[in-house]
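Engineer: Below is the file query07.tsv, which contains TSV, C-alpha atoms and all ligand atoms.
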```
chain	number	residue	atom	x	y	z
R	143	MET	CA	-8.92	2.21	-15.06
R	144	GLU	CA	-10.04	-1.09	-16.42
R	145	ILE	CA	-7.59	-2.91	-18.70
R	146	LYS	CA	-9.63	-4.06	-21.67
R	147	SER	CA	-6.70	-4.94	-23.89
R	148	ALA	CA	-2.94	-5.19	-23.57
R	149	GLU	CA	-0.94	-6.20	-26.58
R	150	PHE	CA	2.72	-6.39	-27.38
R	151	VAL	CA	3.54	-4.08	-30.28
R	152	ILE	CA	7.27	-3.84	-30.85
R	153	SER	CA	10.60	-4.48	-29.23
R	154	ASN	CA	13.58	-2.49	-30.42
R	155	THR	CA	16.87	-0.86	-29.57
R	156	ASP	CA	16.38	2.33	-31.50
R	157	VAL	CA	14.22	5.16	-30.24
R	158	LYS	CA	13.60	6.21	-33.83
R	159	LYS	CA	11.86	2.92	-34.51
R	160	CYS	CA	9.41	3.26	-31.63
R	161	PRO	CA	5.74	3.45	-32.69
R	162	ALA	CA	4.70	6.55	-34.60
R	163	GLY	CA	1.76	8.65	-33.45
R	164	ASN	CA	1.30	10.63	-30.30
R	165	LEU	CA	-0.24	8.27	-27.77
R	166	PRO	CA	1.12	8.96	-24.28
R	167	GLU	CA	3.76	6.59	-22.97
R	168	TYR	CA	4.37	5.42	-19.42
R	169	ALA	CA	7.71	3.71	-19.03
R	170	PHE	CA	8.92	1.41	-16.26
R	171	ILE	CA	12.54	1.16	-15.25
R	172	GLY	CA	14.59	-0.18	-12.36
R	173	ARG	CA	17.53	-2.29	-11.44
R	174	SER	CA	17.46	-5.90	-12.49
R	175	ASN	CA	15.35	-8.07	-10.17
R	176	VAL	CA	13.41	-5.14	-8.72
R	177	GLY	CA	10.16	-6.82	-9.77
R	178	LYS	CA	9.49	-4.86	-12.96
R	179	SER	CA	8.25	-7.73	-15.12
R	180	SER	CA	6.03	-9.05	-12.33
R	181	LEU	CA	4.58	-5.57	-11.88
R	182	ILE	CA	3.87	-5.12	-15.59
R	183	ASN	CA	2.20	-8.51	-15.73
R	184	MET	CA	0.13	-7.65	-12.66
R	185	LEU	CA	-0.92	-4.26	-14.06
R	186	THR	CA	-1.96	-5.64	-17.42
R	187	GLY	CA	-3.43	-8.83	-16.00
R	188	LYS	CA	-1.44	-10.84	-18.54
R	189	LYS	CA	0.92	-13.30	-17.00
R	190	GLY	CA	3.49	-13.73	-19.74
R	191	LEU	CA	3.37	-10.22	-21.19
R	192	ALA	CA	6.70	-9.13	-19.73
R	193	MET	CA	9.30	-11.84	-19.23
R	194	THR	CA	10.28	-12.33	-15.60
R	195	SER	CA	13.87	-12.88	-14.52
R	196	GLN	CA	13.49	-16.60	-14.20
R	197	LYS	CA	12.69	-16.97	-17.86
R	198	PRO	CA	15.14	-16.70	-20.72
R	199	GLY	CA	14.83	-13.76	-23.09
R	200	LYS	CA	14.80	-11.21	-20.31
R	201	THR	CA	14.17	-7.69	-21.54
R	202	MET	CA	17.21	-5.98	-22.96
R	203	LEU	CA	15.25	-3.69	-25.22
R	204	ILE	CA	12.54	-1.08	-25.39
R	205	ASN	CA	9.25	-2.97	-25.34
R	206	HIS	CA	6.01	-1.22	-26.27
R	207	PHE	CA	2.67	-2.60	-25.11
R	208	LEU	CA	-0.52	-0.92	-26.31
R	209	ILE	CA	-3.09	-0.62	-23.53
R	210	ASN	CA	-6.80	-0.19	-24.34
R	211	GLY	CA	-5.70	1.23	-27.69
R	212	GLN	CA	-5.07	4.48	-25.78
R	213	TRP	CA	-1.61	4.52	-24.28
R	214	TYR	CA	1.66	2.64	-24.33
R	215	LEU	CA	3.19	0.88	-21.42
R	216	VAL	CA	6.94	0.80	-22.10
R	217	ASP	CA	9.21	-1.76	-20.50
R	218	LEU	CA	12.81	-0.48	-20.38
R	219	PRO	CA	15.90	-2.55	-19.59
R	220	GLY	CA	17.42	-2.43	-16.11
R	221	TYR	CA	19.88	0.39	-15.77
R	222	GLY	CA	23.44	0.90	-14.65
R	223	PHE	CA	24.07	4.59	-14.60
R	224	ALA	CA	27.22	4.49	-12.49
R	225	GLN	CA	29.49	5.76	-15.21
R	226	ARG	CA	28.65	9.02	-16.85
R	227	GLY	CA	29.86	10.40	-20.13
R	228	LYS	CA	29.59	9.02	-23.60
R	229	GLU	CA	32.65	6.75	-23.42
R	230	GLY	CA	31.58	5.06	-20.24
R	231	ARG	CA	28.12	4.20	-21.41
R	232	ASP	CA	27.53	0.77	-22.68
R	233	ASN	CA	25.07	0.04	-25.38
R	234	ILE	CA	22.08	-0.62	-23.17
R	235	GLN	CA	22.62	2.59	-21.22
R	236	ARG	CA	22.77	4.49	-24.47
R	237	ILE	CA	19.48	2.96	-25.61
R	238	ILE	CA	17.75	3.90	-22.36
R	239	GLU	CA	19.18	7.39	-22.31
R	240	ASP	CA	18.18	8.04	-25.90
R	241	TYR	CA	14.65	6.86	-25.23
R	242	ILE	CA	14.27	8.94	-22.07
R	243	LEU	CA	15.79	12.09	-23.53
R	244	GLU	CA	14.38	11.97	-27.03
R	245	ARG	CA	10.98	10.35	-26.78
R	246	GLU	CA	8.47	13.19	-26.74
R	247	GLN	CA	5.57	10.84	-26.04
R	248	LEU	CA	7.14	9.84	-22.72
R	249	THR	CA	4.62	11.20	-20.23
R	250	ASN	CA	5.86	9.67	-17.02
R	251	LEU	CA	8.67	7.38	-16.01
R	252	PHE	CA	8.07	4.99	-13.12
R	253	VAL	CA	11.30	4.28	-11.29
R	254	LEU	CA	11.00	1.02	-9.39
R	255	ILE	CA	12.67	0.62	-6.03
R	256	ASP	CA	12.81	-2.57	-3.96
R	257	SER	CA	11.11	-1.54	-0.73
R	258	ARG	CA	13.38	-3.83	1.32
R	259	HIS	CA	16.59	-2.01	0.58
R	260	GLU	CA	18.27	1.14	1.82
R	261	PRO	CA	18.56	3.99	-0.68
R	262	GLN	CA	21.07	2.87	-3.33
R	263	LYS	CA	23.56	5.24	-4.92
R	264	ILE	CA	22.78	4.05	-8.43
R	265	ASP	CA	19.05	4.80	-8.06
R	266	LEU	CA	19.69	8.20	-6.48
R	267	GLU	CA	22.15	9.12	-9.23
R	268	PHE	CA	19.67	8.05	-11.85
R	269	MET	CA	16.97	10.25	-10.31
R	270	GLU	CA	19.35	13.15	-10.21
R	271	TRP	CA	20.06	12.66	-13.88
R	272	LEU	CA	16.29	12.64	-14.54
R	273	GLY	CA	15.95	15.88	-12.60
R	274	GLU	CA	18.79	17.54	-14.48
R	275	ASN	CA	17.05	16.65	-17.72
R	276	GLY	CA	13.55	17.64	-16.60
R	277	ILE	CA	12.06	14.17	-17.01
R	278	PRO	CA	8.81	13.65	-15.06
R	279	PHE	CA	9.04	10.58	-12.86
R	280	SER	CA	7.38	8.81	-9.95
R	281	LEU	CA	8.62	6.09	-7.65
R	282	ILE	CA	7.07	2.69	-7.14
R	283	PHE	CA	8.25	0.78	-4.09
R	284	THR	CA	7.93	-2.89	-5.01
R	285	LYS	CA	7.59	-6.18	-3.09
R	286	ILE	CA	5.92	-4.57	-0.09
R	287	ASP	CA	4.61	-8.00	0.96
R	288	LYS	CA	8.16	-9.01	1.83
R	289	ILE	CA	8.46	-6.72	4.86
R	290	SER	CA	6.27	-5.75	7.80
R	291	LYS	CA	4.16	-2.61	7.66
R	292	SER	CA	6.34	-0.91	10.27
R	293	ARG	CA	9.54	-1.79	8.45
R	294	LEU	CA	8.03	-0.44	5.25
R	295	GLN	CA	7.21	2.84	6.96
R	296	GLU	CA	10.77	3.06	8.29
R	297	ASN	CA	12.27	2.37	4.87
R	298	LEU	CA	9.99	4.90	3.19
R	299	LYS	CA	10.91	7.52	5.74
R	300	ALA	CA	14.62	6.83	5.27
R	301	TYR	CA	14.21	7.09	1.52
R	302	GLN	CA	12.30	10.34	1.71
R	303	THR	CA	14.88	11.83	4.06
R	304	LYS	CA	17.64	10.86	1.65
R	305	LEU	CA	15.78	12.33	-1.33
R	306	LEU	CA	15.17	15.60	0.48
R	307	GLU	CA	18.94	16.06	0.74
R	308	SER	CA	19.00	16.86	-2.95
R	309	TRP	CA	15.37	17.50	-3.90
R	310	GLU	CA	13.15	20.33	-2.73
R	311	GLU	CA	10.05	18.28	-3.34
R	312	LEU	CA	9.47	14.57	-3.20
R	313	PRO	CA	8.31	12.77	-6.33
R	314	PRO	CA	4.96	10.96	-6.14
R	315	ILE	CA	5.42	7.61	-4.37
R	316	LEU	CA	3.34	4.50	-5.04
R	317	LEU	CA	3.53	1.07	-3.43
R	318	SER	CA	3.09	-2.35	-4.98
R	319	SER	CA	3.09	-6.05	-4.37
R	320	SER	CA	2.74	-8.20	-7.43
R	321	GLU	CA	2.53	-11.21	-5.14
R	322	LYS	CA	-0.50	-9.85	-3.26
R	323	LYS	CA	-1.85	-7.84	-6.21
R	324	GLU	CA	-1.55	-4.61	-4.26
R	325	GLY	CA	-1.10	-1.18	-5.77
R	326	ARG	CA	-2.66	-2.11	-9.08
R	327	ASP	CA	-5.67	0.24	-8.90
R	328	GLU	CA	-3.56	3.07	-7.50
R	329	ILE	CA	-1.02	2.89	-10.32
R	330	LEU	CA	-3.62	2.52	-13.06
R	331	ASN	CA	-5.73	5.35	-11.64
R	332	TYR	CA	-2.63	7.51	-11.38
R	333	ILE	CA	-1.98	6.93	-15.10
R	334	GLU	CA	-5.63	7.60	-15.91
R	335	GLU	CA	-5.55	10.91	-14.05
R	336	ILE	CA	-2.48	12.06	-15.98
R	337	ASN	CA	-4.06	10.94	-19.25
R	338	LYS	CA	-7.18	13.01	-18.47
R	339	SER	CA	-5.25	16.18	-17.67
K	401	LIG	P1	12.70	-7.81	-12.94
K	401	LIG	O1	14.06	-8.35	-13.17
K	401	LIG	O2	12.74	-6.45	-12.37
K	401	LIG	O3	11.78	-7.90	-14.13
K	401	LIG	O4	12.06	-8.69	-11.75
K	401	LIG	P2	11.01	-9.87	-11.78
K	401	LIG	O5	9.62	-9.37	-11.97
K	401	LIG	O6	11.47	-10.93	-12.69
K	401	LIG	O7	11.10	-10.36	-10.25
K	401	LIG	C1	12.33	-10.77	-9.66
K	401	LIG	C2	12.02	-11.74	-8.56
K	401	LIG	O8	11.28	-11.12	-7.52
K	401	LIG	C3	11.17	-12.94	-9.01
K	401	LIG	O9	11.61	-14.07	-8.31
K	401	LIG	C4	9.76	-12.55	-8.59
K	401	LIG	O10	8.94	-13.67	-8.33
K	401	LIG	C5	10.03	-11.76	-7.33
K	401	LIG	N1	9.00	-10.72	-7.12
K	401	LIG	C6	8.65	-9.75	-7.99
K	401	LIG	N2	7.70	-8.96	-7.48
K	401	LIG	C7	7.42	-9.45	-6.26
K	401	LIG	C8	6.49	-9.06	-5.22
K	401	LIG	O11	5.73	-8.09	-5.31
K	401	LIG	N3	6.50	-9.81	-4.08
K	401	LIG	C9	7.33	-10.87	-3.91
K	401	LIG	N4	7.27	-11.53	-2.75
K	401	LIG	N5	8.20	-11.26	-4.85
K	401	LIG	C10	8.24	-10.57	-6.03
```
Would you write out, as structure tokens, the structure that this file holds?
Structural biologist:
Amino acid sequence: MEIKSAEFVISNTDVKKCPAGNLPEYAFIGRSNVGKSSLINMLTGKKGLAMTSQKPGKTMLINHFLINGQWYLVDLPGYGFAQRGKEGRDNIQRIIEDYILEREQLTNLFVLIDSRHEPQKIDLEFMEWLGENGIPFSLIFTKIDKISKSRLQENLKAYQTKLLESWEELPPILLSSSEKKEGRDEILNYIEEINKS
């Protein structure tokens, strides 16, 4: 897919105020510093579209970007799903959960994982929660330029083994490096294929 236009539409904390209409939405989520903003900027080809960690005004909200006038790329805040239950949830968790559970336009959620790290409890718990709620998701392993190819293969294998302890099937897995501009076509084509079906 070619990106002809990518424009910021709205930033909000209330799922009910997200854009009306029924364009499909592809949301990106991950722990802080996973490389989400860099990835969004790489995908859209617009450097400042999503704020990266080093800049002030880091995303704390639901950000909608309209792509090619056809679909929304949604930037969600980093999550902390360690505590469950309504009391334990802080405001940001509530915003994310409401969006994920209530937004009918949400077509696929990309969960970003730093390819350098071992499987983290918080990410695994989050995926389990997605599974329990029937939310379609895929994984994107980020920053693949930071490790060797063999290390990457080892880490992927370890992750898959861990996932298969609780999942019968693995979710789709994509790889990216915003630094080296890798994974861009794969992710955009993946979205295009879902949009076509
Ligand atoms: P966010 O908090 O998830 O939005 O993460 P950012 O996109 O702000 O990235 C966090 C840090 O990781 C920044 O210093 C980025 O420059 C760096 N980073 C992000 N993606 C990559 C990547 O693909 N390769 C490398 N080497 N560094 C990256």
Engineer: Nearest to Asn183 (chain R) among R:Glu274, R:Asp156, R:Asp217, R:Asp265, with distances taken over only C-alpha atoms: which residue is it?
Structural biologist: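 Closest candidate: R:Asp217.
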Engineer: Quick one: residues within 9 Å of Leu191 (chain R), all atoms listed in the file counted, chain neighbours fewer than 3 positions away excluded, as an mmCIF file with C-alpha atoms, in the coordinates of the input?
Structural biologist:
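Below is the file around.cif, written as the result:
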```cif
data_model
loop_
_atom_site.group_PDB
_atom_site.id
_atom_site.type_symbol
_atom_site.label_atom_id
_atom_site.label_comp_id
_atom_site.auth_asym_id
_atom_site.auth_seq_id
_atom_site.Cartn_x
_atom_site.Cartn_y
_atom_site.Cartn_z
ATOM 1 C CA ALA R 148 -2.940 -5.190 -23.570
ATOM 2 C CA GLU R 149 -0.940 -6.200 -26.580
ATOM 3 C CA PHE R 150 2.720 -6.390 -27.380
ATOM 4 C CA SER R 179 8.250 -7.730 -15.120
ATOM 5 C CA ILE R 182 3.870 -5.120 -15.590
ATOM 6 C CA ASN R 183 2.200 -8.510 -15.730
ATOM 7 C CA THR R 186 -1.960 -5.640 -17.420
ATOM 8 C CA GLY R 187 -3.430 -8.830 -16.000
ATOM 9 C CA LYS R 188 -1.440 -10.840 -18.540
ATOM 10 C CA PHE R 207 2.670 -2.600 -25.110
#
```
Engineer: Padding 3 Å on each side, edges along x, y and z: where is the centre of the box around the listed atoms of ligand LIG 401 (chain K), and how long are its edges in Å to one decimal? Output it as lines of an AutoDock Vina configuration file.
Structural biologist:
```
center_x = 9.9
center_y = -10.3
center_z = -8.4
size_x = 14.3
size_y = 13.6
size_z = 17.4
```
Engineer: Please, which residues in chain R fall within 6 Å of ligand LIG 401 (chain K) when counting all atoms listed in the file, and what is the closest atom pair and distance in Å to one decimal for each, ordered by chain then residue number, as CSV?
Structural biologist:
```
residue,atom,partner,partner_atom,distance
R:Ser174,CA,K:LIG401,O1,4.2
R:Asn175,CA,K:LIG401,O1,3.3
R:Val176,CA,K:LIG401,O2,3.9
R:Gly177,CA,K:LIG401,O4,3.3
R:Lys178,CA,K:LIG401,O2,3.7
R:Ser179,CA,K:LIG401,O3,3.7
R:Ser180,CA,K:LIG401,O5,3.6
R:Thr194,CA,K:LIG401,O6,3.4
R:Ser195,CA,K:LIG401,O6,3.6
R:Thr284,CA,K:LIG401,O11,5.7
R:Lys285,CA,K:LIG401,O11,3.5
R:Asp287,CA,K:LIG401,N3,5.7
R:Lys288,CA,K:LIG401,N4,5.3
R:Ser319,CA,K:LIG401,O11,3.5
R:Ser320,CA,K:LIG401,O11,3.7
R:Glu321,CA,K:LIG401,N3,4.3
```
Engineer: Between CA of Glu328 (chain R) and CA of Leu316 (chain R), measure the distance and give it in Å to one decimal.
Structural biologist: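 CA of Glu328 (chain R) sits 7.5 Å away from CA of Leu316 (chain R).
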Engineer: Could you work out how far CA of Ser318 (chain R) lies from CA of Cys160 (chain R), giving the answer in Å with one decimal?
Structural biologist: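 Between these atoms lies a distance of 28.0 Å.
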Engineer: What is the distance, in Å and to one decimal place, between CA of Lys189 (chain R) and CA of Asn297 (chain R)?
Structural biologist: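 Going from CA of Lys189 (chain R) over to CA of Asn297 (chain R) covers 29.2 Å.
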Engineer: Would you kindly return, as a PyMOL selection string, each protein, DNA or RNA residue with an atom no farther than 7 Å from any atom of Thr249 (chain R), considering all atoms listed in the file and excluding same-chain residues fewer than 4 positions away?
Structural biologist: chain R and resi 166-168
